[in-house]
$ cat coords-v4.txt   # compact mmCIF, C-alpha atoms
# COMPACT_ATOMS: atom_id res chain seq x y z
CA GLY A 1 -60.35 35.50 -6.68
CA THR A 2 -58.48 32.68 -4.91
CA VAL A 3 -55.80 32.54 -7.62
CA ALA A 4 -55.27 36.30 -7.36
CA LEU A 5 -54.92 36.04 -3.58
CA ILE A 6 -52.38 33.22 -3.84
CA LEU A 7 -50.44 35.06 -6.53
CA GLY A 8 -50.44 38.20 -4.38
CA LEU A 9 -49.05 36.27 -1.41
CA VAL A 10 -46.32 34.71 -3.54
CA VAL A 11 -45.29 38.13 -4.89
CA TYR A 12 -45.34 39.64 -1.38
CA HIS A 13 -43.10 36.91 0.05
CA ALA A 14 -40.73 37.14 -2.93
CA GLN A 15 -40.38 40.89 -2.37
CA LYS A 16 -39.71 40.38 1.36
CA SER A 17 -37.02 37.78 0.57
CA ASP A 18 -35.46 40.13 -1.97
CA TRP A 19 -35.42 42.96 0.60
CA VAL A 20 -33.76 40.72 3.20
CA ALA A 21 -31.22 39.43 0.67
CA HIS A 22 -30.15 42.99 -0.20
CA ARG A 23 -30.64 44.90 3.06
CA GLY A 24 -30.76 42.29 5.80
CA ARG A 25 -28.43 41.99 8.75
CA ARG A 26 -25.95 39.10 8.58
CA ILE A 27 -25.87 36.86 11.63
CA ILE A 28 -24.12 33.54 12.19
CA ALA A 29 -26.29 30.54 13.09
CA THR A 30 -25.32 27.01 14.12
CA ILE A 31 -26.44 24.10 11.94
CA THR A 32 -28.54 21.73 14.02
CA SER A 33 -29.43 19.20 11.32
CA ILE A 34 -28.99 18.24 7.68
CA LYS A 35 -31.66 15.90 6.38
CA ARG A 36 -31.84 14.02 3.11
CA GLU A 37 -35.06 12.93 1.48
CA SER A 38 -35.13 10.77 -1.64
CA GLY A 39 -37.69 11.36 -4.32
CA ARG A 40 -38.20 11.78 -8.04
CA SER A 41 -37.75 14.82 -10.27
CA HIS A 42 -40.61 16.06 -12.43
CA LEU A 43 -39.13 13.93 -15.23
CA GLY A 44 -39.11 10.79 -13.06
CA TRP A 45 -35.38 10.70 -12.28
CA LYS A 46 -34.26 9.69 -8.80
CA HIS A 47 -33.51 12.84 -6.91
CA ASP A 48 -32.25 13.58 -3.38
CA ASN A 49 -33.27 16.77 -1.57
CA TYR A 50 -31.32 18.18 1.37
CA TYR A 51 -32.69 20.40 4.11
CA VAL A 52 -30.49 22.42 6.45
CA THR A 53 -31.79 23.61 9.82
CA ALA A 54 -29.88 26.15 11.92
CA LYS A 55 -30.49 28.06 15.16
CA TRP A 56 -29.44 31.46 16.45
CA THR A 57 -30.12 33.26 19.72
CA SER A 58 -30.50 37.04 19.64
CA PRO A 59 -28.08 38.61 22.11
CA GLN A 60 -30.49 41.54 22.57
CA THR A 61 -33.66 39.56 23.39
CA GLY A 62 -32.38 36.09 24.29
CA LYS A 63 -34.97 34.63 21.90
CA THR A 64 -33.88 31.64 19.80
CA TYR A 65 -34.81 31.47 16.12
CA THR A 66 -34.79 28.41 13.87
CA PHE A 67 -33.95 28.75 10.17
CA LEU A 68 -34.71 26.15 7.49
CA THR A 69 -33.61 26.07 3.87
CA TRP A 70 -35.78 25.02 0.98
CA SER A 71 -34.68 21.80 -0.66
CA LEU A 72 -31.19 21.70 -2.08
CA ASP A 73 -30.16 19.65 -5.09
CA GLU A 74 -26.77 18.66 -3.71
CA ARG A 75 -25.49 17.75 -0.28
CA PRO A 76 -24.33 21.02 1.24
CA PRO A 77 -20.65 21.31 2.21
CA TYR A 78 -21.56 21.65 5.90
CA LYS A 79 -21.91 19.37 8.90
CA THR A 80 -24.05 19.57 12.02
CA GLY A 81 -22.41 22.06 14.37
CA ASN A 82 -20.91 24.19 11.58
CA LEU A 83 -21.63 27.90 11.48
CA ILE A 84 -23.59 29.36 8.58
CA PRO A 85 -24.41 32.96 7.62
CA VAL A 86 -28.07 33.98 7.60
CA LEU A 87 -29.47 37.34 6.51
CA ILE A 88 -32.36 38.47 8.70
CA ASP A 89 -34.77 41.37 8.82
CA PRO A 90 -33.56 43.01 12.08
CA HIS A 91 -37.15 43.97 12.95
CA ASN A 92 -38.53 40.50 12.20
CA PRO A 93 -35.90 37.69 12.27
CA LYS A 94 -38.58 35.25 11.04
CA GLN A 95 -37.94 36.85 7.63
CA TYR A 96 -34.58 35.46 6.55
CA VAL A 97 -32.40 34.12 3.77
CA MET A 98 -29.96 31.35 4.69
CA GLU A 99 -26.77 31.64 2.67
CA VAL A 100 -26.25 28.00 1.68
$ encode --input "coords-v4.txt" --output "structure tokens"
Amino acid sequence: GTVALILGLVVYHAQKSDWVAHRGRRIIATITSIKRESGRSHLGWKHDNYYVTAKWTSPQTGKTYTFLTWSLDERPPYKTGNLIPVLIDPHNPKQYVMEV
């Protein structure tokens, strides 16, 4: 039962991300941080992960949203303060895909 529930949640979130990636509204957010974490790959190789955080304020509501990427394999070609496109669900900006 628990495995089915987890699998269902994973499928649901994947479908939401796919919807946003194909039908979302593109906004421009400002990168607020780029963090690097060192670790090991599943094969034991040294591996660096990068995380990009960006913020955007909705002009309609004045509410600020924070967007975070999943880990990246390479240092992204951005710097703090750069602008980055993000696709959002216009009805729920917490559903997003950052275009890194």
$ residues_around --input "coords-v4.txt" --residues "range 78-81 of chain A" --least-positions-apart "5" --cutoff "8 Å" --atoms "all atoms listed in the file" --output "number ranges by chain"
A: 30-34
$ write_last_selection --input "coords-v4.txt" --atoms "C-alpha atoms" --output "mmCIF file, in the frame of the given file"
data_model
loop_
_atom_site.group_PDB
_atom_site.id
_atom_site.type_symbol
_atom_site.label_atom_id
_atom_site.label_comp_id
_atom_site.auth_asym_id
_atom_site.auth_seq_id
_atom_site.Cartn_x
_atom_site.Cartn_y
_atom_site.Cartn_z
ATOM 1 C CA THR A 30 -25.320 27.010 14.120
ATOM 2 C CA ILE A 31 -26.440 24.100 11.940
ATOM 3 C CA THR A 32 -28.540 21.730 14.020
ATOM 4 C CA SER A 33 -29.430 19.200 11.320
ATOM 5 C CA ILE A 34 -28.990 18.240 7.680
#
$ atom_distance --input "coords-v4.txt" --atom1 "CA of Pro93 in chain A" --atom2 "CA of Arg36 in chain A"
25.7 Å
$ residues_around --input "coords-v4.txt" --residues "Tyr50 in chain A" --least-positions-apart "5" --cutoff "8 Å" --atoms "all atoms listed in the file" --output "list in words"
Ile34, Lys35, Arg36, Glu37, Ser71, Leu72, Asp73, Glu74, Arg75 and Pro76 of chain A
$ residues_around --input "coords-v4.txt" --residues "range 60-63 of chain A" --least-positions-apart "5" --cutoff "12 Å" --atoms "all atoms listed in the file" --output "ChimeraX atom specification"
/A:55,90-94
$ closest_residue --input "coords-v4.txt" --among "A:Ser41, A:Thr2, A:Thr69, A:Asn49" --to "Val86 in chain A" --atoms "all atoms listed in the file"
A:Thr69
$ decode --input "coords-v4.txt" --residues "range 77-92 of chain A" --atoms "all heavy atoms" --output "PDB file, in the first residue's frame"
ATOM      1  N   PRO A  77      25.995  28.295 -16.092  1.00  0.00           N
ATOM      2  CA  PRO A  77      26.662  29.466 -16.668  1.00  0.00           C
ATOM      3  C   PRO A  77      26.070  30.786 -16.176  1.00  0.00           C
ATOM      4  O   PRO A  77      26.013  31.754 -16.916  1.00  0.00           O
ATOM      5  CB  PRO A  77      26.429  29.277 -18.166  1.00  0.00           C
ATOM      6  CG  PRO A  77      25.113  28.589 -18.234  1.00  0.00           C
ATOM      7  CD  PRO A  77      25.084  27.668 -17.041  1.00  0.00           C
ATOM      8  N   TYR A  78      25.601  30.816 -14.948  1.00  0.00           N
ATOM      9  CA  TYR A  78      24.974  32.002 -14.377  1.00  0.00           C
ATOM     10  C   TYR A  78      25.740  32.468 -13.152  1.00  0.00           C
ATOM     11  O   TYR A  78      26.527  31.735 -12.585  1.00  0.00           O
ATOM     12  CB  TYR A  78      23.530  31.701 -13.941  1.00  0.00           C
ATOM     13  CG  TYR A  78      22.646  31.203 -15.037  1.00  0.00           C
ATOM     14  CD1 TYR A  78      22.323  29.854 -15.135  1.00  0.00           C
ATOM     15  CD2 TYR A  78      22.107  32.076 -15.977  1.00  0.00           C
ATOM     16  CE1 TYR A  78      21.494  29.384 -16.141  1.00  0.00           C
ATOM     17  CE2 TYR A  78      21.280  31.614 -16.981  1.00  0.00           C
ATOM     18  CZ  TYR A  78      20.970  30.265 -17.059  1.00  0.00           C
ATOM     19  OH  TYR A  78      20.157  29.820 -18.055  1.00  0.00           O
ATOM     20  N   LYS A  79      25.428  33.698 -12.737  1.00  0.00           N
ATOM     21  CA  LYS A  79      25.973  34.259 -11.506  1.00  0.00           C
ATOM     22  C   LYS A  79      24.815  34.823 -10.693  1.00  0.00           C
ATOM     23  O   LYS A  79      23.748  35.117 -11.237  1.00  0.00           O
ATOM     24  CB  LYS A  79      26.976  35.375 -11.815  1.00  0.00           C
ATOM     25  CG  LYS A  79      28.210  34.884 -12.543  1.00  0.00           C
ATOM     26  CD  LYS A  79      29.137  36.034 -12.844  1.00  0.00           C
ATOM     27  CE  LYS A  79      30.340  35.493 -13.614  1.00  0.00           C
ATOM     28  NZ  LYS A  79      31.241  36.521 -14.052  1.00  0.00           N
ATOM     29  N   THR A  80      25.052  35.005  -9.401  1.00  0.00           N
ATOM     30  CA  THR A  80      24.046  35.639  -8.556  1.00  0.00           C
ATOM     31  C   THR A  80      23.700  37.002  -9.144  1.00  0.00           C
ATOM     32  O   THR A  80      24.579  37.747  -9.554  1.00  0.00           O
ATOM     33  CB  THR A  80      24.574  35.781  -7.116  1.00  0.00           C
ATOM     34  OG1 THR A  80      24.871  34.478  -6.617  1.00  0.00           O
ATOM     35  CG2 THR A  80      23.560  36.446  -6.212  1.00  0.00           C
ATOM     36  N   GLY A  81      22.418  37.287  -9.235  1.00  0.00           N
ATOM     37  CA  GLY A  81      21.947  38.544  -9.817  1.00  0.00           C
ATOM     38  C   GLY A  81      21.514  38.418 -11.262  1.00  0.00           C
ATOM     39  O   GLY A  81      20.790  39.288 -11.771  1.00  0.00           O
ATOM     40  N   ASN A  82      21.937  37.325 -11.945  1.00  0.00           N
ATOM     41  CA  ASN A  82      21.508  37.108 -13.327  1.00  0.00           C
ATOM     42  C   ASN A  82      20.016  36.788 -13.358  1.00  0.00           C
ATOM     43  O   ASN A  82      19.439  36.320 -12.385  1.00  0.00           O
ATOM     44  CB  ASN A  82      22.258  35.951 -13.969  1.00  0.00           C
ATOM     45  CG  ASN A  82      23.682  36.274 -14.368  1.00  0.00           C
ATOM     46  OD1 ASN A  82      24.451  35.364 -14.634  1.00  0.00           O
ATOM     47  ND2 ASN A  82      24.071  37.523 -14.419  1.00  0.00           N
ATOM     48  N   LEU A  83      19.423  37.014 -14.521  1.00  0.00           N
ATOM     49  CA  LEU A  83      18.025  36.673 -14.734  1.00  0.00           C
ATOM     50  C   LEU A  83      17.940  35.290 -15.361  1.00  0.00           C
ATOM     51  O   LEU A  83      18.811  34.908 -16.151  1.00  0.00           O
ATOM     52  CB  LEU A  83      17.361  37.711 -15.631  1.00  0.00           C
ATOM     53  CG  LEU A  83      17.414  39.151 -15.125  1.00  0.00           C
ATOM     54  CD1 LEU A  83      16.771  40.091 -16.139  1.00  0.00           C
ATOM     55  CD2 LEU A  83      16.730  39.268 -13.770  1.00  0.00           C
ATOM     56  N   ILE A  84      16.886  34.553 -15.001  1.00  0.00           N
ATOM     57  CA  ILE A  84      16.723  33.188 -15.503  1.00  0.00           C
ATOM     58  C   ILE A  84      15.245  32.933 -15.787  1.00  0.00           C
ATOM     59  O   ILE A  84      14.382  33.344 -15.003  1.00  0.00           O
ATOM     60  CB  ILE A  84      17.292  32.166 -14.497  1.00  0.00           C
ATOM     61  CG1 ILE A  84      17.318  30.776 -15.095  1.00  0.00           C
ATOM     62  CG2 ILE A  84      16.520  32.196 -13.187  1.00  0.00           C
ATOM     63  CD1 ILE A  84      18.143  29.792 -14.299  1.00  0.00           C
ATOM     64  N   PRO A  85      14.929  32.282 -16.925  1.00  0.00           N
ATOM     65  CA  PRO A  85      13.528  31.988 -17.209  1.00  0.00           C
ATOM     66  C   PRO A  85      13.016  30.826 -16.350  1.00  0.00           C
ATOM     67  O   PRO A  85      13.738  29.863 -16.080  1.00  0.00           O
ATOM     68  CB  PRO A  85      13.525  31.611 -18.686  1.00  0.00           C
ATOM     69  CG  PRO A  85      14.928  31.308 -19.042  1.00  0.00           C
ATOM     70  CD  PRO A  85      15.816  31.938 -18.020  1.00  0.00           C
ATOM     71  N   VAL A  86      11.771  30.966 -15.915  1.00  0.00           N
ATOM     72  CA  VAL A  86      11.101  29.933 -15.135  1.00  0.00           C
ATOM     73  C   VAL A  86       9.699  29.784 -15.714  1.00  0.00           C
ATOM     74  O   VAL A  86       9.019  30.776 -15.977  1.00  0.00           O
ATOM     75  CB  VAL A  86      11.007  30.326 -13.639  1.00  0.00           C
ATOM     76  CG1 VAL A  86      10.290  29.243 -12.838  1.00  0.00           C
ATOM     77  CG2 VAL A  86      12.378  30.605 -13.060  1.00  0.00           C
ATOM     78  N   LEU A  87       9.273  28.552 -15.937  1.00  0.00           N
ATOM     79  CA  LEU A  87       7.904  28.292 -16.370  1.00  0.00           C
ATOM     80  C   LEU A  87       7.078  27.991 -15.129  1.00  0.00           C
ATOM     81  O   LEU A  87       7.458  27.137 -14.321  1.00  0.00           O
ATOM     82  CB  LEU A  87       7.858  27.100 -17.330  1.00  0.00           C
ATOM     83  CG  LEU A  87       8.556  27.319 -18.663  1.00  0.00           C
ATOM     84  CD1 LEU A  87       8.669  26.006 -19.419  1.00  0.00           C
ATOM     85  CD2 LEU A  87       7.813  28.339 -19.487  1.00  0.00           C
ATOM     86  N   ILE A  88       5.953  28.695 -14.974  1.00  0.00           N
ATOM     87  CA  ILE A  88       5.102  28.495 -13.807  1.00  0.00           C
ATOM     88  C   ILE A  88       3.684  28.125 -14.234  1.00  0.00           C
ATOM     89  O   ILE A  88       3.252  28.439 -15.340  1.00  0.00           O
ATOM     90  CB  ILE A  88       5.039  29.760 -12.917  1.00  0.00           C
ATOM     91  CG1 ILE A  88       4.421  30.943 -13.673  1.00  0.00           C
ATOM     92  CG2 ILE A  88       6.414  30.121 -12.371  1.00  0.00           C
ATOM     93  CD1 ILE A  88       4.061  32.131 -12.810  1.00  0.00           C
ATOM     94  N   ASP A  89       2.981  27.473 -13.348  1.00  0.00           N
ATOM     95  CA  ASP A  89       1.544  27.288 -13.498  1.00  0.00           C
ATOM     96  C   ASP A  89       0.936  28.622 -13.061  1.00  0.00           C
ATOM     97  O   ASP A  89       1.098  29.017 -11.903  1.00  0.00           O
ATOM     98  CB  ASP A  89       1.070  26.146 -12.603  1.00  0.00           C
ATOM     99  CG  ASP A  89      -0.432  25.925 -12.659  1.00  0.00           C
ATOM    100  OD1 ASP A  89      -1.180  26.856 -13.029  1.00  0.00           O
ATOM    101  OD2 ASP A  89      -0.875  24.816 -12.293  1.00  0.00           O
ATOM    102  N   PRO A  90       0.256  29.362 -13.947  1.00  0.00           N
ATOM    103  CA  PRO A  90      -0.250  30.685 -13.577  1.00  0.00           C
ATOM    104  C   PRO A  90      -1.240  30.653 -12.405  1.00  0.00           C
ATOM    105  O   PRO A  90      -1.402  31.642 -11.709  1.00  0.00           O
ATOM    106  CB  PRO A  90      -0.930  31.203 -14.843  1.00  0.00           C
ATOM    107  CG  PRO A  90      -0.673  30.226 -15.907  1.00  0.00           C
ATOM    108  CD  PRO A  90      -0.019  29.016 -15.322  1.00  0.00           C
ATOM    109  N   HIS A  91      -1.888  29.526 -12.186  1.00  0.00           N
ATOM    110  CA  HIS A  91      -2.841  29.400 -11.084  1.00  0.00           C
ATOM    111  C   HIS A  91      -2.180  28.951  -9.788  1.00  0.00           C
ATOM    112  O   HIS A  91      -2.760  29.061  -8.720  1.00  0.00           O
ATOM    113  CB  HIS A  91      -3.965  28.438 -11.464  1.00  0.00           C
ATOM    114  CG  HIS A  91      -4.668  28.845 -12.719  1.00  0.00           C
ATOM    115  ND1 HIS A  91      -5.451  29.977 -12.814  1.00  0.00           N
ATOM    116  CD2 HIS A  91      -4.662  28.297 -13.951  1.00  0.00           C
ATOM    117  CE1 HIS A  91      -5.911  30.089 -14.041  1.00  0.00           C
ATOM    118  NE2 HIS A  91      -5.447  29.094 -14.750  1.00  0.00           N
ATOM    119  N   ASN A  92      -0.960  28.419  -9.892  1.00  0.00           N
ATOM    120  CA  ASN A  92      -0.218  27.953  -8.723  1.00  0.00           C
ATOM    121  C   ASN A  92       1.280  28.064  -9.008  1.00  0.00           C
ATOM    122  O   ASN A  92       1.907  27.083  -9.407  1.00  0.00           O
ATOM    123  CB  ASN A  92      -0.595  26.506  -8.374  1.00  0.00           C
ATOM    124  CG  ASN A  92       0.124  26.015  -7.147  1.00  0.00           C
ATOM    125  OD1 ASN A  92       0.774  26.769  -6.432  1.00  0.00           O
ATOM    126  ND2 ASN A  92       0.042  24.723  -6.903  1.00  0.00           N
TER     127      ASN A  92
END
